[in-house]
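File shown: model-v9.json. Contents: JSON, C-alpha atoms.
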[["chain", "number", "residue", "atom", "x", "y", "z"],
["C", 28, "MET", "CA", -20.83, -22.15, -23.51],
["C", 29, "LEU", "CA", -23.16, -22.45, -20.52],
["C", 30, "ASN", "CA", -26.56, -20.77, -20.77],
["C", 31, "THR", "CA", -26.57, -18.44, -17.72],
["C", 32, "ARG", "CA", -29.49, -16.56, -16.19],
["C", 33, "PRO", "CA", -27.98, -13.31, -14.86],
["C", 34, "PRO", "CA", -29.35, -11.61, -11.73],
["C", 35, "ALA", "CA", -32.42, -9.47, -12.47],
["C", 36, "VAL", "CA", -33.00, -7.69, -9.14],
["C", 37, "ALA", "CA", -29.47, -7.21, -7.75],
["C", 38, "GLY", "CA", -29.15, -3.60, -6.63],
["C", 39, "ALA", "CA", -32.93, -3.40, -6.08],
["C", 40, "PHE", "CA", -34.16, -6.22, -3.82],
["C", 41, "TYR", "CA", -30.68, -6.78, -2.40],
["C", 42, "PRO", "CA", -27.24, -5.13, -2.73],
["C", 43, "GLY", "CA", -25.59, -5.52, -6.12],
["C", 44, "ASP", "CA", -22.03, -5.16, -4.82],
["C", 45, "PRO", "CA", -20.62, -8.58, -3.83],
["C", 46, "ALA", "CA", -18.84, -7.40, -0.67],
["C", 47, "THR", "CA", -21.87, -5.39, 0.53],
["C", 48, "LEU", "CA", -24.18, -8.30, -0.27],
["C", 49, "SER", "CA", -22.02, -10.78, 1.68],
["C", 50, "ARG", "CA", -21.85, -8.43, 4.66],
["C", 51, "THR", "CA", -25.60, -7.78, 4.58],
["C", 52, "VAL", "CA", -26.54, -11.46, 4.43],
["C", 53, "ASP", "CA", -23.99, -12.45, 7.08],
["C", 54, "GLN", "CA", -25.28, -9.75, 9.43],
["C", 55, "LEU", "CA", -28.90, -10.84, 8.96],
["C", 56, "LEU", "CA", -27.89, -14.46, 9.66],
["C", 57, "ALA", "CA", -25.88, -13.47, 12.73],
["C", 58, "GLU", "CA", -28.86, -11.57, 14.16],
["C", 59, "ALA", "CA", -31.30, -14.45, 13.62],
["C", 60, "GLU", "CA", -32.45, -16.33, 16.71],
["C", 61, "PRO", "CA", -30.88, -19.81, 16.94],
["C", 62, "VAL", "CA", -33.35, -22.66, 16.61],
["C", 63, "SER", "CA", -33.48, -26.33, 17.60],
["C", 64, "GLY", "CA", -30.99, -28.87, 16.33],
["C", 65, "ILE", "CA", -33.28, -30.65, 13.88],
["C", 66, "GLN", "CA", -32.40, -30.59, 10.19],
["C", 67, "PRO", "CA", -35.13, -28.87, 8.16],
["C", 68, "LYS", "CA", -36.26, -30.89, 5.15],
["C", 69, "ALA", "CA", -38.28, -27.94, 3.84],
["C", 70, "LEU", "CA", -38.63, -24.22, 4.45],
["C", 71, "ILE", "CA", -41.18, -21.53, 3.62],
["C", 72, "VAL", "CA", -39.31, -18.23, 3.29],
["C", 73, "PRO", "CA", -40.41, -14.70, 2.23],
["C", 74, "HIS", "CA", -39.05, -13.02, -0.90],
["C", 75, "ALA", "CA", -39.36, -9.25, -0.52],
["C", 76, "GLY", "CA", -36.45, -6.84, -0.54],
["C", 77, "TYR", "CA", -33.97, -7.63, 2.23],
["C", 78, "VAL", "CA", -34.75, -4.38, 4.06],
["C", 79, "TYR", "CA", -38.35, -5.64, 4.44],
["C", 80, "SER", "CA", -38.20, -9.41, 4.84],
["C", 81, "GLY", "CA", -34.49, -10.21, 5.14],
["C", 82, "SER", "CA", -34.65, -10.62, 8.92],
["C", 83, "THR", "CA", -37.51, -13.15, 8.61],
["C", 84, "ALA", "CA", -35.76, -15.01, 5.78],
["C", 85, "ALA", "CA", -32.61, -15.17, 7.90],
["C", 86, "THR", "CA", -34.45, -17.03, 10.69],
["C", 87, "ALA", "CA", -35.04, -19.85, 8.21],
["C", 88, "TYR", "CA", -31.60, -19.87, 6.59],
["C", 89, "ALA", "CA", -29.71, -19.62, 9.90],
["C", 90, "ALA", "CA", -31.33, -22.94, 10.83],
["C", 91, "LEU", "CA", -29.36, -24.62, 8.01],
["C", 92, "ALA", "CA", -25.90, -23.79, 9.39],
["C", 93, "PRO", "CA", -25.22, -27.17, 11.07],
["C", 94, "TRP", "CA", -25.99, -28.91, 7.75],
["C", 95, "ALA", "CA", -23.93, -26.65, 5.48],
["C", 96, "LYS", "CA", -21.92, -29.64, 4.23],
["C", 97, "THR", "CA", -24.84, -32.11, 4.21],
["C", 98, "ILE", "CA", -27.21, -30.20, 1.92],
["C", 99, "ARG", "CA", -26.01, -30.44, -1.68],
["C", 100, "ARG", "CA", -29.19, -29.87, -3.66],
["C", 101, "VAL", "CA", -31.88, -27.21, -3.26],
["C", 102, "ILE", "CA", -35.34, -27.52, -4.82],
["C", 103, "LEU", "CA", -36.56, -23.91, -4.93],
["C", 104, "LEU", "CA", -40.21, -23.18, -5.72],
["C", 105, "GLY", "CA", -41.79, -19.75, -6.02],
["C", 106, "PRO", "CA", -44.76, -17.98, -7.60],
["C", 107, "THR", "CA", -44.64, -16.15, -10.92],
["C", 108, "HIS", "CA", -45.19, -12.40, -10.57],
["C", 109, "ARG", "CA", -44.81, -11.23, -14.18],
["C", 110, "ILE", "CA", -45.81, -14.06, -16.50],
["C", 111, "ALA", "CA", -48.81, -16.35, -16.07],
["C", 112, "VAL", "CA", -47.95, -20.03, -16.29],
["C", 113, "ASP", "CA", -50.13, -23.11, -16.49],
["C", 114, "GLY", "CA", -48.16, -25.65, -14.53],
["C", 115, "ILE", "CA", -44.56, -25.35, -13.34],
["C", 116, "ALA", "CA", -41.79, -23.71, -15.36],
["C", 117, "LEU", "CA", -38.16, -24.78, -15.37],
["C", 118, "PRO", "CA", -35.58, -22.61, -17.13],
["C", 119, "GLU", "CA", -33.55, -23.84, -20.06],
["C", 120, "ALA", "CA", -30.51, -22.20, -18.45],
["C", 121, "ASP", "CA", -27.64, -24.29, -17.08],
["C", 122, "VAL", "CA", -26.55, -21.74, -14.46],
["C", 123, "PHE", "CA", -28.15, -19.01, -12.31],
["C", 124, "SER", "CA", -25.74, -16.27, -11.29],
["C", 125, "THR", "CA", -25.81, -13.67, -8.50],
["C", 126, "PRO", "CA", -23.21, -11.07, -7.49],
["C", 127, "LEU", "CA", -21.75, -13.86, -5.29],
["C", 128, "GLY", "CA", -21.10, -16.14, -8.25],
["C", 129, "PRO", "CA", -22.66, -18.92, -10.36],
["C", 130, "ILE", "CA", -24.90, -21.77, -9.19],
["C", 131, "ARG", "CA", -25.13, -24.85, -11.40],
["C", 132, "LEU", "CA", -28.57, -26.24, -12.08],
["C", 133, "ASP", "CA", -29.05, -29.91, -11.24],
["C", 134, "ALA", "CA", -29.33, -31.52, -14.69],
["C", 135, "GLN", "CA", -29.97, -34.98, -13.24],
["C", 136, "ALA", "CA", -32.86, -33.79, -11.07],
["C", 137, "ILE", "CA", -34.33, -31.75, -13.91],
["C", 138, "ALA", "CA", -34.20, -34.78, -16.20],
["C", 139, "ALA", "CA", -36.05, -36.79, -13.53],
["C", 140, "ILE", "CA", -39.13, -34.52, -13.73],
["C", 141, "ALA", "CA", -38.96, -33.31, -17.34],
["C", 142, "ASP", "CA", -41.51, -35.87, -18.57],
["C", 143, "LEU", "CA", -44.26, -34.76, -16.15],
["C", 144, "PRO", "CA", -47.20, -33.05, -17.90],
["C", 145, "GLN", "CA", -47.21, -30.09, -15.46],
["C", 146, "ILE", "CA", -43.57, -29.22, -16.31],
["C", 147, "VAL", "CA", -42.79, -26.63, -19.00],
["C", 148, "PHE", "CA", -39.44, -25.11, -19.98],
["C", 149, "SER", "CA", -39.13, -21.34, -20.33],
["C", 150, "ASP", "CA", -36.20, -18.98, -19.79],
["C", 151, "HIS", "CA", -38.69, -16.15, -20.40],
["C", 152, "VAL", "CA", -40.70, -16.97, -17.25],
["C", 153, "HIS", "CA", -37.53, -16.96, -15.15],
["C", 154, "ALA", "CA", -35.75, -13.96, -16.72],
["C", 155, "PHE", "CA", -37.14, -11.23, -14.45],
["C", 156, "GLU", "CA", -38.73, -13.29, -11.66],
["C", 157, "HIS", "CA", -37.52, -12.20, -8.21],
["C", 158, "SER", "CA", -39.29, -14.83, -6.08],
["C", 159, "LEU", "CA", -36.50, -17.37, -6.60],
["C", 160, "GLU", "CA", -33.52, -15.07, -7.10],
["C", 161, "VAL", "CA", -33.67, -13.30, -3.73],
["C", 162, "HIS", "CA", -33.05, -16.61, -1.90],
["C", 163, "LEU", "CA", -29.86, -17.45, -3.76],
["C", 164, "PRO", "CA", -27.43, -15.14, -1.87],
["C", 165, "PHE", "CA", -28.66, -16.57, 1.46],
["C", 166, "LEU", "CA", -28.14, -20.11, 0.19],
["C", 167, "GLN", "CA", -24.70, -19.19, -1.18],
["C", 168, "ARG", "CA", -23.58, -17.76, 2.17],
["C", 169, "VAL", "CA", -24.99, -20.63, 4.30],
["C", 170, "LEU", "CA", -24.31, -23.76, 2.24],
["C", 171, "GLU", "CA", -20.92, -24.94, 1.01],
["C", 172, "HIS", "CA", -21.68, -26.49, -2.39],
["C", 173, "PHE", "CA", -25.11, -27.09, -3.87],
["C", 174, "THR", "CA", -26.93, -27.50, -7.16],
["C", 175, "LEU", "CA", -30.29, -25.86, -7.84],
["C", 176, "VAL", "CA", -33.66, -26.88, -9.25],
["C", 177, "PRO", "CA", -35.56, -23.58, -9.78],
["C", 178, "LEU", "CA", -39.31, -24.08, -10.24],
["C", 179, "ALA", "CA", -41.59, -21.14, -11.11],
["C", 180, "VAL", "CA", -45.04, -22.35, -10.08],
["C", 181, "GLY", "CA", -48.06, -20.98, -11.89],
["C", 182, "HIS", "CA", -51.55, -22.46, -11.73],
["C", 183, "ALA", "CA", -50.85, -25.94, -10.41],
["C", 184, "THR", "CA", -52.84, -28.20, -8.11],
["C", 185, "PRO", "CA", -51.42, -29.39, -4.80],
["C", 186, "GLU", "CA", -51.17, -32.87, -6.36],
["C", 187, "ALA", "CA", -49.19, -31.56, -9.35],
["C", 188, "VAL", "CA", -46.66, -29.80, -7.10],
["C", 189, "ALA", "CA", -46.45, -32.72, -4.65],
["C", 190, "GLU", "CA", -45.76, -35.14, -7.54],
["C", 191, "VAL", "CA", -42.68, -33.09, -8.48],
["C", 192, "LEU", "CA", -41.51, -32.93, -4.86],
["C", 193, "ASP", "CA", -41.98, -36.69, -4.41],
["C", 194, "ARG", "CA", -39.71, -37.40, -7.38],
["C", 195, "LEU", "CA", -37.02, -35.08, -6.08],
["C", 196, "TRP", "CA", -37.43, -35.78, -2.35],
["C", 197, "GLY", "CA", -34.10, -37.53, -1.84],
["C", 198, "GLY", "CA", -32.47, -37.73, 1.59],
["C", 199, "PRO", "CA", -30.71, -35.26, 3.90],
["C", 200, "GLU", "CA", -28.75, -33.92, 0.92],
["C", 201, "THR", "CA", -31.92, -32.40, -0.58],
["C", 202, "LEU", "CA", -33.55, -29.24, 0.80],
["C", 203, "ILE", "CA", -36.91, -27.91, -0.41],
["C", 204, "VAL", "CA", -37.52, -24.15, -0.20],
["C", 205, "VAL", "CA", -40.87, -22.54, -0.99],
["C", 206, "SER", "CA", -40.76, -18.79, -1.57],
["C", 207, "SER", "CA", -43.81, -16.82, -0.43],
["C", 208, "ASP", "CA", -44.89, -13.60, 1.19],
["C", 209, "LEU", "CA", -48.25, -13.48, 3.00],
["C", 210, "SER", "CA", -51.03, -10.86, 2.71],
["C", 211, "HIS", "CA", -50.49, -7.72, 0.63],
["C", 212, "PHE", "CA", -51.40, -4.08, 1.27],
["C", 213, "LEU", "CA", -53.71, -4.48, 4.26],
["C", 214, "PRO", "CA", -53.64, -2.10, 7.25],
["C", 215, "TYR", "CA", -51.17, -3.26, 9.93],
["C", 216, "ALA", "CA", -53.64, -4.69, 12.49],
["C", 217, "THR", "CA", -55.73, -6.41, 9.80],
["C", 218, "ALA", "CA", -52.62, -7.97, 8.28],
["C", 219, "GLN", "CA", -51.52, -9.29, 11.67],
["C", 220, "GLN", "CA", -54.89, -11.01, 12.08],
["C", 221, "VAL", "CA", -55.02, -12.39, 8.53],
["C", 222, "ASP", "CA", -51.40, -13.59, 8.55],
["C", 223, "SER", "CA", -51.72, -15.27, 11.96],
["C", 224, "ASP", "CA", -54.77, -17.11, 10.62],
["C", 225, "THR", "CA", -52.85, -18.16, 7.47],
["C", 226, "CYS", "CA", -49.99, -19.45, 9.63],
["C", 227, "ARG", "CA", -52.46, -21.54, 11.61],
["C", 228, "HIS", "CA", -53.75, -23.07, 8.36],
["C", 229, "ILE", "CA", -50.20, -23.81, 7.20],
["C", 230, "ALA", "CA", -49.40, -25.49, 10.54],
["C", 231, "GLN", "CA", -52.52, -27.63, 10.11],
["C", 232, "PHE", "CA", -51.46, -28.70, 6.57],
["C", 233, "ASP", "CA", -54.50, -27.02, 5.00],
["C", 234, "THR", "CA", -53.90, -27.31, 1.24],
["C", 235, "ARG", "CA", -56.52, -24.66, 0.40],
["C", 236, "ILE", "CA", -54.37, -21.57, 1.00],
["C", 237, "HIS", "CA", -55.41, -18.79, -1.43],
["C", 238, "PRO", "CA", -53.12, -16.38, -3.31],
["C", 239, "GLU", "CA", -54.72, -13.49, -1.33],
["C", 240, "GLN", "CA", -53.39, -15.13, 1.85],
["C", 241, "ALA", "CA", -49.96, -16.00, 0.43],
["C", 242, "CYS", "CA", -48.61, -15.13, -3.01],
["C", 243, "GLY", "CA", -46.85, -18.50, -3.07],
["C", 244, "ALA", "CA", -50.10, -20.34, -2.31],
["C", 245, "TYR", "CA", -49.74, -22.87, -5.14],
["C", 246, "PRO", "CA", -46.27, -24.12, -4.16],
["C", 247, "ILE", "CA", -47.20, -23.92, -0.45],
["C", 248, "ASN", "CA", -50.26, -26.12, -0.96],
["C", 249, "GLY", "CA", -48.17, -28.70, -2.81],
["C", 250, "LEU", "CA", -45.52, -28.64, -0.09],
["C", 251, "LEU", "CA", -48.18, -29.09, 2.61],
["C", 252, "LEU", "CA", -49.61, -32.10, 0.79],
["C", 253, "ALA", "CA", -46.19, -33.71, 0.36],
["C", 254, "THR", "CA", -45.00, -33.02, 3.92],
["C", 255, "SER", "CA", -48.27, -34.08, 5.57],
["C", 256, "ARG", "CA", -48.11, -37.44, 3.78],
["C", 257, "ARG", "CA", -44.63, -37.99, 5.18],
["C", 258, "GLY", "CA", -45.44, -36.92, 8.73],
["C", 259, "LEU", "CA", -43.15, -33.89, 8.85],
["C", 260, "ILE", "CA", -43.37, -31.46, 11.77],
["C", 261, "PRO", "CA", -43.96, -27.75, 10.99],
["C", 262, "THR", "CA", -42.39, -24.99, 13.09],
["C", 263, "LEU", "CA", -43.13, -21.28, 12.75],
["C", 264, "LEU", "CA", -39.73, -19.56, 12.92],
["C", 265, "GLY", "CA", -40.73, -15.95, 12.37],
["C", 266, "LEU", "CA", -43.74, -13.77, 11.57],
["C", 267, "CYS", "CA", -43.88, -10.03, 10.92],
["C", 268, "ASN", "CA", -44.84, -7.54, 8.24],
["C", 269, "SER", "CA", -43.29, -4.58, 6.46],
["C", 270, "GLY", "CA", -44.75, -2.26, 9.11],
["C", 271, "ASP", "CA", -42.42, -3.92, 11.61],
["C", 272, "THR", "CA", -39.32, -3.50, 9.46],
["C", 273, "ALA", "CA", -39.06, -0.71, 6.88],
["C", 274, "GLY", "CA", -42.54, 0.31, 5.74],
["C", 275, "ASP", "CA", -45.44, 2.41, 6.94],
["C", 276, "LYS", "CA", -48.30, 0.73, 8.78],
["C", 277, "GLY", "CA", -51.05, 1.86, 6.41],
["C", 278, "ARG", "CA", -50.46, -0.79, 3.72],
["C", 279, "VAL", "CA", -48.23, -3.67, 4.70],
["C", 280, "VAL", "CA", -47.00, -6.99, 3.31],
["C", 281, "GLY", "CA", -46.80, -10.02, 5.60],
["C", 282, "TYR", "CA", -43.82, -12.36, 5.99],
["C", 283, "ALA", "CA", -43.48, -15.72, 7.72],
["C", 284, "ALA", "CA", -40.76, -18.37, 7.89],
["C", 285, "PHE", "CA", -41.54, -22.04, 8.53],
["C", 286, "SER", "CA", -39.42, -25.15, 8.76],
["C", 287, "PHE", "CA", -40.64, -28.71, 8.22],
["C", 288, "SER", "CA", -38.56, -31.45, 9.81],
["C", 289, "GLU", "CA", -38.59, -35.21, 9.88],
["C", 290, "ALA", "CA", -38.75, -36.54, 13.43],
["C", 291, "GLY", "CA", -35.38, -37.65, 14.73],
["C", 292, "ASN", "CA", -33.05, -35.73, 12.38],
["C", 293, "HIS", "CA", -31.04, -34.13, 15.16],
["C", 294, "ALA", "CA", -27.59, -32.64, 14.78]]
Please render this file's structure as structure tokens.
Amino acid sequence: MLNTRPPAVAGAFYPGDPATLSRTVDQLLAEAEPVSGIQPKALIVPHAGYVYSGSTAATAYAALAPWAKTIRRVILLGPTHRIAVDGIALPEADVFSTPLGPIRLDAQAIAAIADLPQIVFSDHVHAFEHSLEVHLPFLQRVLEHFTLVPLAVGHATPEAVAEVLDRLWGGPETLIVVSSDLSHFLPYATAQQVDSDTCRHIAQFDTRIHPEQACGAYPINGLLLATSRRGLIPTLLGLCNSGDTAGDKGRVVGYAAFSFSEAGNHA
């Protein structure tokens, strides 16, 4: 019997009905602006409810369409919102499920990093964490077949995160996705200023992003270290906040989507 992590935020962050969920994701992808024909090696994508950040997330996931058959493994990193973790938590589960079906975890990839001191195993950390789950329906609608390595990143240095990414880097078959929103609960104009500044720091591979700037700061900093060492090229795909989508402008949450590409990986 496979140990399955069931969806925790279906019906809240995104539709719980499979047909409605498929329609919603497909519409968001269809409305996303097409981007250049370079395969992304890594993405930074927001993780709020789809009504808030789904349009920004879709700008990143729509960019994967030409490589739907190429990408067969997704390394998904996100912050922990409910349970504090020292290091990086993998689940003990074999499968993550969503209303769109099951996704097998990549046992071989997990075995390749299991001996690292920053890695811990905990189904408890993953049980109610939304930062990874909300990306799965997008990945299921865009990619054909893929396995998953879900990493819940707590307090971890850029080096500790980059070491994991280096072991799992692979080739064009491996995609890295970092889940992160930007600033939280600032007035609209302030958030625009703060988030634009954070995006500049990300584009400059500044590995000192703070959790106040981006809730996924720890995985972002590790990604920036790993991608800067390999000469990847960052592209800002989308930037907005909840005041632009479905929230009031008094207290907003910021969202950005980035892709990181290796030079020359054209479709």
Could you list, as a list in words, every residue within 7 Å of Gly243 of chain C, counting only C-alpha atoms and ignoring same-chain residues fewer than 4 positions away? Gly105, Pro106, Ser206, Ser207, Asp208, Pro238 and Ile247 of chain C
Would you please work out which residue, of C:Phe155, C:Phe123, C:Tyr245, C:Trp196, is nearest to Val36 of chain C when using all atoms listed in the file?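 The shortest atom-to-atom distance to Val36 of chain C comes from C:Phe155.
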Rounded to one decimal in Å, what is the spacing between atom CA of Cys226 of chain C and atom CA of Gln145 of chain C?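 Rounded to one decimal, the two atoms are 27.4 Å apart.
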Fewer than 5 positions away in the same chain doesn't count, so skip those; otherwise give me all residues within 12 Å of segment 55-65 of chain C, counting all atoms listed in the file, as a ChimeraX atom specification. /C:48-50,77-94,164-166,168-169,199,259-265,284-294
Could you work out how far atom CA of Gly43 of chain C lies from atom CA of Val112 of chain C, giving the answer in Å with one decimal?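 For atom CA of Val112 of chain C relative to atom CA of Gly43 of chain C, the distance reads 28.5 Å.
Between atom CA of Gly249 of chain C and atom CA of Tyr215 of chain C the interatomic distance comes to 28.6 Å.
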Give the answer as one residue: which of C:His182, C:Arg227, C:Arg99, C:Arg278 has the shortest atom-to-atom distance to Ala111 of chain C, using all atoms listed in the file? C:His182
So which residues are close to (-17.8, -9.3, -4.4), meaning at most 7 Å away in the file's coordinates with only C-alpha atoms counted, and can you show them as an MDAnalysis selection string? chainID C and resid 44:46 126:127
When distances are computed from all atoms listed in the file, which of C:Leu170, C:Leu209, C:Ala253, C:Leu192 shows the smallest separation from Ile140 of chain C?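 The answer is C:Leu192, which sits nearest to Ile140 of chain C.
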What lies within 10 Å of Lys276 of chain C using only C-alpha atoms, ignoring chain neighbours under 2 positions off, as a PyMOL selection string? chain C and resi 212-216+218+268-274+278-280
With distances taken over all atoms listed in the file, which residue among C:His157, C:Thr184, C:Ala283, C:Ile115 lies nearest Asp224 of chain C? C:Ala283
Quick one: of C:Leu159, C:Val180, C:Ala95, C:Val152, who's nearest to Arg109 of chain C, counting all atoms listed in the file? C:Val152
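With all atoms listed in the file as the atoms that count, the residue of C:Ile146, C:Leu195, C:Leu175, C:Ala120 with the shortest distance to His162 of chain C is C:Leu175.
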Given 8 Å of margin on each side, can you work out the centre and size in Å (one decimal) of an axis-aligned box holding every listed atom of segment 257-276 of chain C, as JSON?
{"center_x": -43.7, "center_y": -17.8, "center_z": 9.1, "size_x": 25.2, "size_y": 56.4, "size_z": 23.9}
